[in-house]
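Structure data (compact mmCIF, C-alpha atoms) from work_34.txt:
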```txt
# COMPACT_ATOMS: atom_id res chain seq x y z
CA MET A 1 48.29 -33.96 6.71
CA ASN A 2 46.59 -34.20 3.36
CA VAL A 3 46.51 -31.39 0.82
CA MET A 4 42.86 -30.50 1.31
CA ARG A 5 43.31 -30.13 5.07
CA PHE A 6 46.38 -27.96 4.51
CA ILE A 7 44.46 -25.73 2.07
CA LEU A 8 41.48 -25.47 4.45
CA ARG A 9 43.68 -24.44 7.39
CA ALA A 10 45.70 -22.04 5.27
CA SER A 11 42.43 -20.49 4.06
CA VAL A 12 41.23 -19.91 7.62
CA ILE A 13 44.55 -18.20 8.46
CA ALA A 14 44.39 -16.12 5.26
CA LEU A 15 40.83 -15.14 6.16
CA ALA A 16 41.94 -13.99 9.63
CA ALA A 17 44.78 -11.99 8.04
CA GLY A 18 42.33 -10.49 5.54
CA ALA A 19 40.00 -9.46 8.38
CA ILE A 20 42.84 -7.66 10.20
CA ALA A 21 43.96 -5.93 6.99
CA GLY A 22 40.35 -5.02 6.21
CA ILE A 23 39.88 -3.42 9.63
CA ALA A 24 43.09 -1.42 9.09
CA PHE A 25 41.74 -0.17 5.75
CA LEU A 26 38.40 0.73 7.34
CA VAL A 27 40.11 2.66 10.14
CA LEU A 28 42.84 4.41 8.11
CA GLY A 29 41.15 4.60 4.74
CA ALA A 30 42.84 3.89 1.42
CA PRO A 31 46.15 5.69 0.80
CA SER A 32 45.36 9.18 -0.51
CA LEU A 33 47.23 11.99 -2.25
CA ALA A 34 46.07 14.43 0.45
CA ARG A 35 48.25 12.56 2.95
CA GLU A 36 51.18 11.94 0.63
CA TYR A 37 54.55 11.90 2.34
CA HIS A 38 57.09 13.77 0.27
CA VAL A 39 60.53 12.30 0.44
CA ARG A 40 63.28 13.32 -1.93
CA ASN A 41 64.36 9.86 -3.03
CA GLU A 42 63.30 6.71 -1.18
CA PHE A 43 65.57 4.50 -3.31
CA ALA A 44 68.65 6.61 -2.52
CA ARG A 45 67.74 6.54 1.15
CA PHE A 46 67.82 2.75 1.21
CA VAL A 47 70.70 2.05 -1.16
CA PRO A 48 72.23 -1.07 0.36
CA THR A 49 75.67 -0.48 1.85
CA VAL A 50 77.75 -3.14 3.58
CA GLY A 51 78.83 -0.90 6.46
CA HIS A 52 75.46 0.64 7.33
CA GLY A 53 73.66 -2.57 6.45
CA LEU A 54 75.71 -4.79 8.74
CA ILE A 55 75.49 -2.24 11.57
CA GLN A 56 71.69 -2.16 11.22
CA PHE A 57 71.43 -5.97 10.95
CA GLY A 58 73.72 -6.44 13.96
CA GLY A 59 71.83 -3.79 15.93
CA GLU A 60 68.43 -5.34 15.24
CA THR A 61 69.74 -8.83 16.05
CA PHE A 62 71.24 -7.52 19.29
CA LEU A 63 67.94 -5.84 20.23
CA LEU A 64 65.99 -9.04 19.56
CA VAL A 65 68.42 -11.13 21.60
CA LEU A 66 68.26 -8.55 24.40
CA VAL A 67 64.43 -8.59 24.49
CA ALA A 68 64.31 -12.41 24.40
CA TYR A 69 66.98 -12.66 27.12
CA ALA A 70 65.33 -10.02 29.32
CA GLY A 71 61.94 -11.66 28.80
CA ARG A 72 63.22 -15.06 29.82
CA ARG A 73 65.67 -14.08 32.53
CA TRP A 74 63.95 -11.20 34.34
CA LEU A 75 60.32 -11.19 33.23
CA ARG A 76 60.14 -15.00 33.46
CA ILE A 77 58.35 -15.35 30.15
CA ARG A 78 58.31 -19.09 29.59
CA LEU A 79 55.85 -21.91 29.18
CA MET B 1 57.87 -46.21 11.63
CA THR B 2 55.03 -44.27 13.19
CA LYS B 3 57.44 -41.63 14.48
CA ALA B 4 58.77 -40.79 11.01
CA PRO B 5 56.05 -38.28 9.95
CA SER B 6 56.20 -36.55 13.33
CA ARG B 7 60.00 -36.30 13.13
CA PHE B 8 59.77 -34.98 9.57
CA ARG B 9 57.11 -32.47 10.64
CA ASN B 10 59.24 -31.27 13.55
CA ALA B 11 62.29 -30.90 11.30
CA VAL B 12 60.27 -28.87 8.77
CA ALA B 13 58.88 -26.73 11.61
CA ILE B 14 62.38 -25.91 12.89
CA TYR B 15 63.69 -25.08 9.40
CA ILE B 16 60.65 -22.84 8.83
CA ASP B 17 61.10 -21.14 12.24
CA VAL B 18 64.77 -20.40 11.60
CA SER B 19 63.99 -19.16 8.06
CA LEU B 20 61.27 -16.89 9.46
CA LEU B 21 63.64 -15.47 12.04
CA ILE B 22 66.33 -14.75 9.43
CA ALA B 23 63.74 -13.22 7.06
CA LEU B 24 62.38 -10.98 9.83
CA LEU B 25 65.87 -9.81 10.80
CA LEU B 26 66.55 -9.01 7.13
CA LEU B 27 63.26 -7.09 6.97
CA PHE B 28 64.32 -5.09 10.02
CA SER B 29 67.49 -4.11 8.11
CA PRO B 30 66.46 -2.36 4.86
CA ARG B 31 69.86 -0.66 4.68
CA LEU B 32 71.40 -4.09 4.19
CA THR B 33 68.89 -5.42 1.64
CA GLY B 34 67.87 -2.25 -0.19
CA LEU B 35 64.27 -1.24 -0.80
CA ALA B 36 63.45 -3.72 -3.59
CA LEU B 37 64.60 -6.84 -1.72
CA HIS B 38 62.97 -5.49 1.47
CA GLU B 39 59.60 -5.38 -0.28
CA TRP B 40 59.85 -8.75 -2.04
CA VAL B 41 61.05 -10.52 1.11
CA GLY B 42 58.16 -8.89 3.00
CA ILE B 43 55.63 -10.24 0.52
CA ALA B 44 57.31 -13.65 0.34
CA LEU B 45 57.18 -13.85 4.15
CA ALA B 46 53.53 -14.88 3.81
CA VAL B 47 54.54 -18.38 2.65
CA PRO B 48 56.75 -19.51 5.59
CA LEU B 49 54.39 -17.70 7.99
CA LEU B 50 51.43 -19.64 6.63
CA VAL B 51 53.32 -22.95 6.87
CA HIS B 52 54.45 -22.07 10.42
CA LEU B 53 50.84 -21.45 11.46
CA VAL B 54 49.43 -24.52 9.68
CA LEU B 55 52.08 -26.68 11.38
CA SER B 56 50.99 -25.13 14.72
CA TRP B 57 47.32 -25.81 13.96
CA THR B 58 46.90 -28.45 16.66
CA TRP B 59 48.20 -25.97 19.26
CA ILE B 60 46.02 -23.13 17.88
CA SER B 61 42.77 -25.13 17.78
CA GLY B 62 43.44 -26.87 21.11
CA ASN B 63 44.23 -23.64 22.93
CA THR B 64 41.29 -21.81 21.34
CA ALA B 65 38.97 -24.53 22.63
CA ARG B 66 40.54 -24.53 26.11
CA LEU B 67 41.02 -20.77 26.38
CA LEU B 68 38.07 -19.93 28.59
CA LYS B 69 37.73 -23.29 30.34
CA THR B 70 40.87 -24.96 31.58
CA ALA B 71 43.79 -22.88 30.33
CA THR B 72 46.26 -21.53 32.88
CA ALA B 73 47.00 -17.79 33.08
CA ARG B 74 50.39 -18.41 31.44
CA ALA B 75 48.78 -20.33 28.55
CA ARG B 76 46.24 -17.53 28.09
CA ALA B 77 49.00 -14.92 28.06
CA ASN B 78 50.87 -16.98 25.46
CA TYR B 79 47.71 -17.24 23.36
CA VAL B 80 47.16 -13.47 23.45
CA LEU B 81 50.85 -12.86 22.70
CA ASN B 82 50.69 -15.11 19.62
CA TRP B 83 47.53 -13.43 18.31
CA THR B 84 49.13 -10.01 18.89
CA LEU B 85 52.21 -11.08 16.96
CA PHE B 86 50.07 -12.39 14.09
CA ALA B 87 48.08 -9.13 13.94
CA LEU B 88 51.27 -7.04 14.06
CA ILE B 89 52.91 -8.96 11.22
CA VAL B 90 49.74 -8.69 9.12
CA LEU B 91 49.62 -4.92 9.77
CA GLU B 92 53.34 -4.59 9.02
CA VAL B 93 53.02 -6.40 5.67
CA THR B 94 49.73 -4.70 4.74
CA SER B 95 51.06 -1.20 5.45
CA GLY B 96 54.27 -2.08 3.60
CA ILE B 97 52.24 -3.15 0.57
CA ALA B 98 50.15 0.06 0.79
CA ILE B 99 53.25 2.28 0.55
CA SER B 100 55.21 -0.03 -1.77
CA HIS B 101 57.67 1.70 -4.12
CA VAL B 102 58.87 -1.35 -6.04
CA ALA B 103 56.77 -4.51 -5.80
CA LEU B 104 53.28 -3.19 -6.49
CA PRO B 105 54.33 -0.68 -9.18
CA TYR B 106 56.25 -3.58 -10.81
CA LEU B 107 52.98 -5.55 -10.86
CA GLY B 108 51.23 -2.57 -12.44
CA VAL B 109 49.46 -1.35 -9.28
CA PRO B 110 50.07 2.35 -8.58
CA THR B 111 50.70 3.26 -4.92
CA ILE B 112 50.82 6.45 -2.84
CA ASN B 113 53.40 7.07 -0.13
CA ASP B 114 50.67 7.83 2.41
CA ARG B 115 51.84 9.43 5.67
CA THR B 116 49.38 7.50 7.86
CA TRP B 117 50.19 4.08 6.40
CA ARG B 118 53.87 4.92 6.60
CA ALA B 119 53.49 5.80 10.29
CA LEU B 120 51.67 2.50 10.88
CA HIS B 121 54.48 0.64 9.09
CA ASN B 122 57.15 2.29 11.26
CA TRP B 123 55.21 1.99 14.53
CA THR B 124 54.35 -1.70 14.12
CA LEU B 125 58.00 -2.41 13.30
CA ASN B 126 59.14 -1.52 16.82
CA VAL B 127 56.31 -3.32 18.59
CA THR B 128 56.75 -6.38 16.37
CA LEU B 129 60.40 -6.66 17.35
CA LEU B 130 59.43 -6.53 21.02
CA VAL B 131 56.70 -9.16 20.67
CA ILE B 132 58.93 -11.47 18.56
CA GLY B 133 61.49 -11.28 21.38
CA PHE B 134 58.82 -12.34 23.88
CA HIS B 135 57.58 -15.07 21.49
CA ILE B 136 61.12 -16.48 21.28
CA ALA B 137 61.50 -16.24 25.06
CA MET B 138 58.20 -18.07 25.58
CA ASN B 139 59.10 -20.91 23.19
CA TRP B 140 62.85 -20.95 23.86
CA THR B 141 63.03 -24.48 25.29
CA ALA B 142 61.29 -26.09 22.30
CA LEU B 143 63.16 -23.90 19.79
CA ALA B 144 66.59 -24.58 21.28
CA ALA B 145 65.88 -28.32 21.52
CA GLY B 146 64.68 -28.38 17.89
CA VAL B 147 67.71 -26.49 16.63
CA ARG B 148 70.04 -28.83 18.54
CA ARG B 149 68.28 -31.91 17.21
CA TYR B 150 67.60 -30.97 13.58
CA LEU B 151 70.17 -28.29 12.67
CA TRP B 152 73.18 -29.20 14.80
CA ARG B 153 72.19 -32.85 15.15
CA THR B 154 73.89 -33.17 18.51
CA SER B 155 71.39 -35.63 19.99
CA ASP B 156 70.99 -38.09 17.09
CA THR B 157 72.82 -40.79 18.97
CA GLN B 158 70.68 -40.18 22.05
CA ASP B 159 67.53 -40.44 19.89
CA SER B 160 68.49 -43.75 18.36
CA SER B 161 69.57 -45.20 21.69
CA SER B 162 66.37 -44.18 23.43
CA GLN B 163 64.00 -45.76 20.88
```
Written as structure tokens, how would this file's structure read?
Amino acid sequence: MNVMRFILRASVIALAAGAIAGIAFLVLGAPSLAREYHVRNEFARFVPTVGHGLIQFGGETFLLVLVAYAGRRWLRIRL
Amino acid sequence: MTKAPSRFRNAVAIYIDVSLLIALLLLFSPRLTGLALHEWVGIALAVPLLVHLVLSWTWISGNTARLLKTATARARANYVLNWTLFALIVLEVTSGIAISHVALPYLGVPTINDRTWRALHNWTLNVTLLVIGFHIAMNWTALAAGVRRYLWRTSDTQDSSSQ
């Protein structure tokens, strides 16, 4: 694949992504102060900790594996 | 000789797929990465995602052309599933950028922690995880074969003996 073809295809994909994002902005409107969510400290809330972090990472991985397994085994999602 | 580019392309595709999966799992775990890394990884996700889609271009264009004519119900469902996943990831990243606390302010763009965009970010997260699981289930055979061949290299001897 030459560079020009790669750029052309990437541009089409970026355009599709831009269209989806544009529709979201049209529907929801730009972020506004009237709808501001007040949270005490977002940084403190997400301070990385090994214990909580690994539990969350393991939990999300487990959920993903579970969905993929259930999809393949019971829902017969396959090509 | 003619198989070399295809083999290289497939190897790149598998490395990109595995990187995407790891990046997505990290994005689902902000308590492991912290907010700053969560945001930068989310923005950087665009690059492997774009490469993943460009490498799948033949499939995308072929299935788009066949969609209404000859495609089977399963192929159509897969097509819709892939578009849904693409839209969800775009919405996830866009809403994340809209409520960014670190990345955009660092680049000099002020942001507002908007309740609606925040809700979109949290809602798409759960649906994205579900659809990624189905996407993996749908492509499991190709993914597992690729990982075995290019990451674990268990079938190299079989490859060379069969050519």
Can you pull out the residues contacting His38 (chain B)? Cut-off 12 Å, using all atoms listed in the file, and skip same-chain residues under 3 positions away; I want them as number ranges by chain. A: 43, 46-48; B: 23-35, 41-45, 93, 96-97, 100-103
Write out as a PyMOL selection string every residue belonging to chain A that has an atom at most 7 Å from any atom of chain B, counting only C-alpha atoms. chain A and resi 6+9-10+17+20-21+31-33+35-37+43+46-50+52-54+56-57+60-61+64-65+67-69+71-72+77-79
Could you save the residues just selected, with C-alpha atoms, as a PDB file, keeping the file's coordinate frame?
```
ATOM      1  CA  PHE A   6      46.380 -27.960   4.510  1.00  0.00           C
ATOM      2  CA  ARG A   9      43.680 -24.440   7.390  1.00  0.00           C
ATOM      3  CA  ALA A  10      45.700 -22.040   5.270  1.00  0.00           C
ATOM      4  CA  ALA A  17      44.780 -11.990   8.040  1.00  0.00           C
ATOM      5  CA  ILE A  20      42.840  -7.660  10.200  1.00  0.00           C
ATOM      6  CA  ALA A  21      43.960  -5.930   6.990  1.00  0.00           C
ATOM      7  CA  PRO A  31      46.150   5.690   0.800  1.00  0.00           C
ATOM      8  CA  SER A  32      45.360   9.180  -0.510  1.00  0.00           C
ATOM      9  CA  LEU A  33      47.230  11.990  -2.250  1.00  0.00           C
ATOM     10  CA  ARG A  35      48.250  12.560   2.950  1.00  0.00           C
ATOM     11  CA  GLU A  36      51.180  11.940   0.630  1.00  0.00           C
ATOM     12  CA  TYR A  37      54.550  11.900   2.340  1.00  0.00           C
ATOM     13  CA  PHE A  43      65.570   4.500  -3.310  1.00  0.00           C
ATOM     14  CA  PHE A  46      67.820   2.750   1.210  1.00  0.00           C
ATOM     15  CA  VAL A  47      70.700   2.050  -1.160  1.00  0.00           C
ATOM     16  CA  PRO A  48      72.230  -1.070   0.360  1.00  0.00           C
ATOM     17  CA  THR A  49      75.670  -0.480   1.850  1.00  0.00           C
ATOM     18  CA  VAL A  50      77.750  -3.140   3.580  1.00  0.00           C
ATOM     19  CA  HIS A  52      75.460   0.640   7.330  1.00  0.00           C
ATOM     20  CA  GLY A  53      73.660  -2.570   6.450  1.00  0.00           C
ATOM     21  CA  LEU A  54      75.710  -4.790   8.740  1.00  0.00           C
ATOM     22  CA  GLN A  56      71.690  -2.160  11.220  1.00  0.00           C
ATOM     23  CA  PHE A  57      71.430  -5.970  10.950  1.00  0.00           C
ATOM     24  CA  GLU A  60      68.430  -5.340  15.240  1.00  0.00           C
ATOM     25  CA  THR A  61      69.740  -8.830  16.050  1.00  0.00           C
ATOM     26  CA  LEU A  64      65.990  -9.040  19.560  1.00  0.00           C
ATOM     27  CA  VAL A  65      68.420 -11.130  21.600  1.00  0.00           C
ATOM     28  CA  VAL A  67      64.430  -8.590  24.490  1.00  0.00           C
ATOM     29  CA  ALA A  68      64.310 -12.410  24.400  1.00  0.00           C
ATOM     30  CA  TYR A  69      66.980 -12.660  27.120  1.00  0.00           C
ATOM     31  CA  GLY A  71      61.940 -11.660  28.800  1.00  0.00           C
ATOM     32  CA  ARG A  72      63.220 -15.060  29.820  1.00  0.00           C
ATOM     33  CA  ILE A  77      58.350 -15.350  30.150  1.00  0.00           C
ATOM     34  CA  ARG A  78      58.310 -19.090  29.590  1.00  0.00           C
ATOM     35  CA  LEU A  79      55.850 -21.910  29.180  1.00  0.00           C
TER      36      LEU A  79
END
```
Between CA of Ala73 (chain B) and CA of Ala13 (chain B) - distance in Å to one decimal: 26.1 Å
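Across the model, the gap from CA of Pro48 (chain B) to CA of Val12 (chain B) is 10.5 Å.
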CA of Ala19 (chain A) to CA of Leu85 (chain B), distance in Å rounded to a single decimal: 15.0 Å
Counting all atoms listed in the file, what is within 9 Å of Ile14 (chain B), bar same-chain residues fewer than 4 positions away, as a list in words? Arg9, Asn10, Val18, Ser19, Leu143, Gly146, Val147, Tyr150 and Leu151 of chain B
